[in-house]
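For reference, the structure is listed below as structure tokens.
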Amino acid sequence: MRKIAFAIMALLLSVEVHAQYDVEIAADMMNREYAQKADSLGRKILTDKGSFSTAIELFKRSATIHKRLDGVKSREYCNSMALLAKCYMRNDQLQDAIKVLTILTDAYKGDPDMAVDYAIVVDNLSLYYAMDNNPEKALEASKEVMHVTDGIEVSKTDKLYILVHAAENYAKMKDYQEAIRLQNRALKLSQQLYGMGSENYINEMKYLQQYYEGAGDNAKAKKTSETIEKLQKPGGGVPSKDELKTAEDCALHRGDAYWCAEYYLTHRLSAEKAFEAGQYAMMWCMGTDELTLEIDERHLKCIGDSPTEMSAYFSGCLLLGQANNVKELTREMERQAMEWTVKHYYQNRDILVKKSPELGKLVECLENGTLDAKLLELIPDE
């Protein structure tokens with residue numbers, strides 16, 4: 001009888017915990033349209049950094065509706081609760097943030113269909129425990145995430161932050177060797193996603209340096225510091241184009257190519273390694289199986305035979321292809337890439353050795369406000 005009584009008490013406590021973030025909803029508002037409006041307003045407040053207490057009430061409403069209409073295992077409920085936790089965190093209510101995420105972990109643990117959601121929620125929980133100065137709990141959560149994600153496929157972006165958080169939690173518990181191992185794994189993903197010259201990669205290198213220092217490995221800490229210093233110099237993140245020999249190489253250096261394309265289009269040709277960055281981006285476009293580009297008469301009428309601006313066009317296509325996750329660009333995307341090419345030519349017109357009559361005419365259109373119409377004429381919709 002005593003065991004049954006304890007079981008009933010435990011069940012009642014669980015129900016109470018799961019219900020404490022529910023709110024009363026009028027019958028005429030108990031619908032998905034109202035939930036979506038509350039969710040949309042809450043997201044806007046988060047983006048604009050407005051009143052987090054207001055956003056908390058909005059996400060409580062959307063979570064309550066989704067819980068009753070869709071169930072606690074629905075994607076909508078998960079999203080509302082995760083955003084509710086973020087609002088609590090932003091509002092300096094960490095205990096509430098932790099409780100909300102604990103509710104989600106209880107709902108998803110052991111369900112193979114919710115394994116990815118479970119991993120992401122527990123990873124956020126590890127972050128909140130760390131912010132709450134509870135490194136033991138933070139590390140425990142990170143270990144759980146690592147265990148779960150070893151057997152499932154998660155996005156590279158999610159995996160990156162899971163590794164970063166785990167490394168930091170191990171470091172806080174003075175296990176620097178494990179922190180170093182995980183941070184190096186994170187850096188490989190950061191390079192694939194953002195490139196070695198990116199702010200993300202450089203920031204993660206700084207953490208690696210700290211972990212080497214914590215481990216007492218001064219030689220590797222110094223070497224890492226030197227690498228950071230090199231990457232922070234203009235053009236420091238431009239790799240050698242010789243590493244792009246196969247489509248597999250291109251897949252591993254996707255982030256490097258993106259960074260090089262961005263660097264090339266936003267710097268004058270006189271900038272350090274600007275030419276090499278453009279060459280790298282163009283070589284990636286030619287070697288990858290992730291992007292298909294056709295250069296025909298339409299493009300030659302815009303660019304002519306200017307090699308520097310052909311690199312600019314390839315760079316623009318690369319940025320648009322990756323940003324939109326498409327293999328073949330639309331004509332609208334092609335025109336956007338060509339507009340960037342015209343602006344790149346204009347930016348460098350005083351230092352270009354080889355001039356392009358075709359681009360010279362488009363620069364005139366840029367200056368008199370008719371470039372969009374001219375590009376639509378030269379690269380029409382199909």
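By convention here, the chains of the structure tokens are called A, B, ... in the order presented, each chain's residues are numbered starting at 1, and ligands are numbered starting at 1 in the order presented.
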Handout entry: Near-stretch 115-126 of chain A list (6 Å; only C-alpha atoms; drop same-chain fewer than 2 positions) as a list in words
Key =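 The residues that qualify are Thr105, Tyr108, Pro112, Asp113, Tyr128, Tyr129, Ala138, Ala141, Ser142 and Val145 of chain A.
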Problem - Shortest interatomic distance to A:Lys354 - which of A:Thr330, A:Thr341, A:Ser306, A:Asn91, counting only C-alpha atoms - result: A:Ser306
Which residues of stretch 177-211 of chain A come within 6 Å of stretch 153-173 of chain A, and what is each one's closest atom pair and distance in Å (one decimal), counting only C-alpha atoms, sorted by chain and residue number, as a Markdown table?
```
| residue | atom | partner | partner_atom | distance |
| --- | --- | --- | --- | --- |
| A:Ala179 | CA | A:Ala167 | CA | 4.1 |
| A:Leu182 | CA | A:Ala167 | CA | 5.4 |
| A:Gln183 | CA | A:Ala167 | CA | 5.7 |
| A:Ala186 | CA | A:Leu160 | CA | 5.2 |
```
Completion exercise
Across A:Trp284, A:Tyr212, A:Tyr207, A:Phe275, the smallest distance to A:Gly235, with only C-alpha atoms counted, is shown by A:Phe275
Exercise for the section: Between A:Lys86, A:Lys49, A:Lys273, A:Lys174, single out the one closest to A:Lys233, counting only C-alpha atoms. Expected result: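 Looking at the shortest contact to A:Lys233, the residue is A:Lys273.
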Problem - Residues near A:Ala35, cut-off 8 Å, only C-alpha atoms, skip fewer than 6 positions along chain, as a list in words - result: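 The residues satisfying every condition are Arg61, Ser62, Ala63, Ile65 and His66 of chain A.
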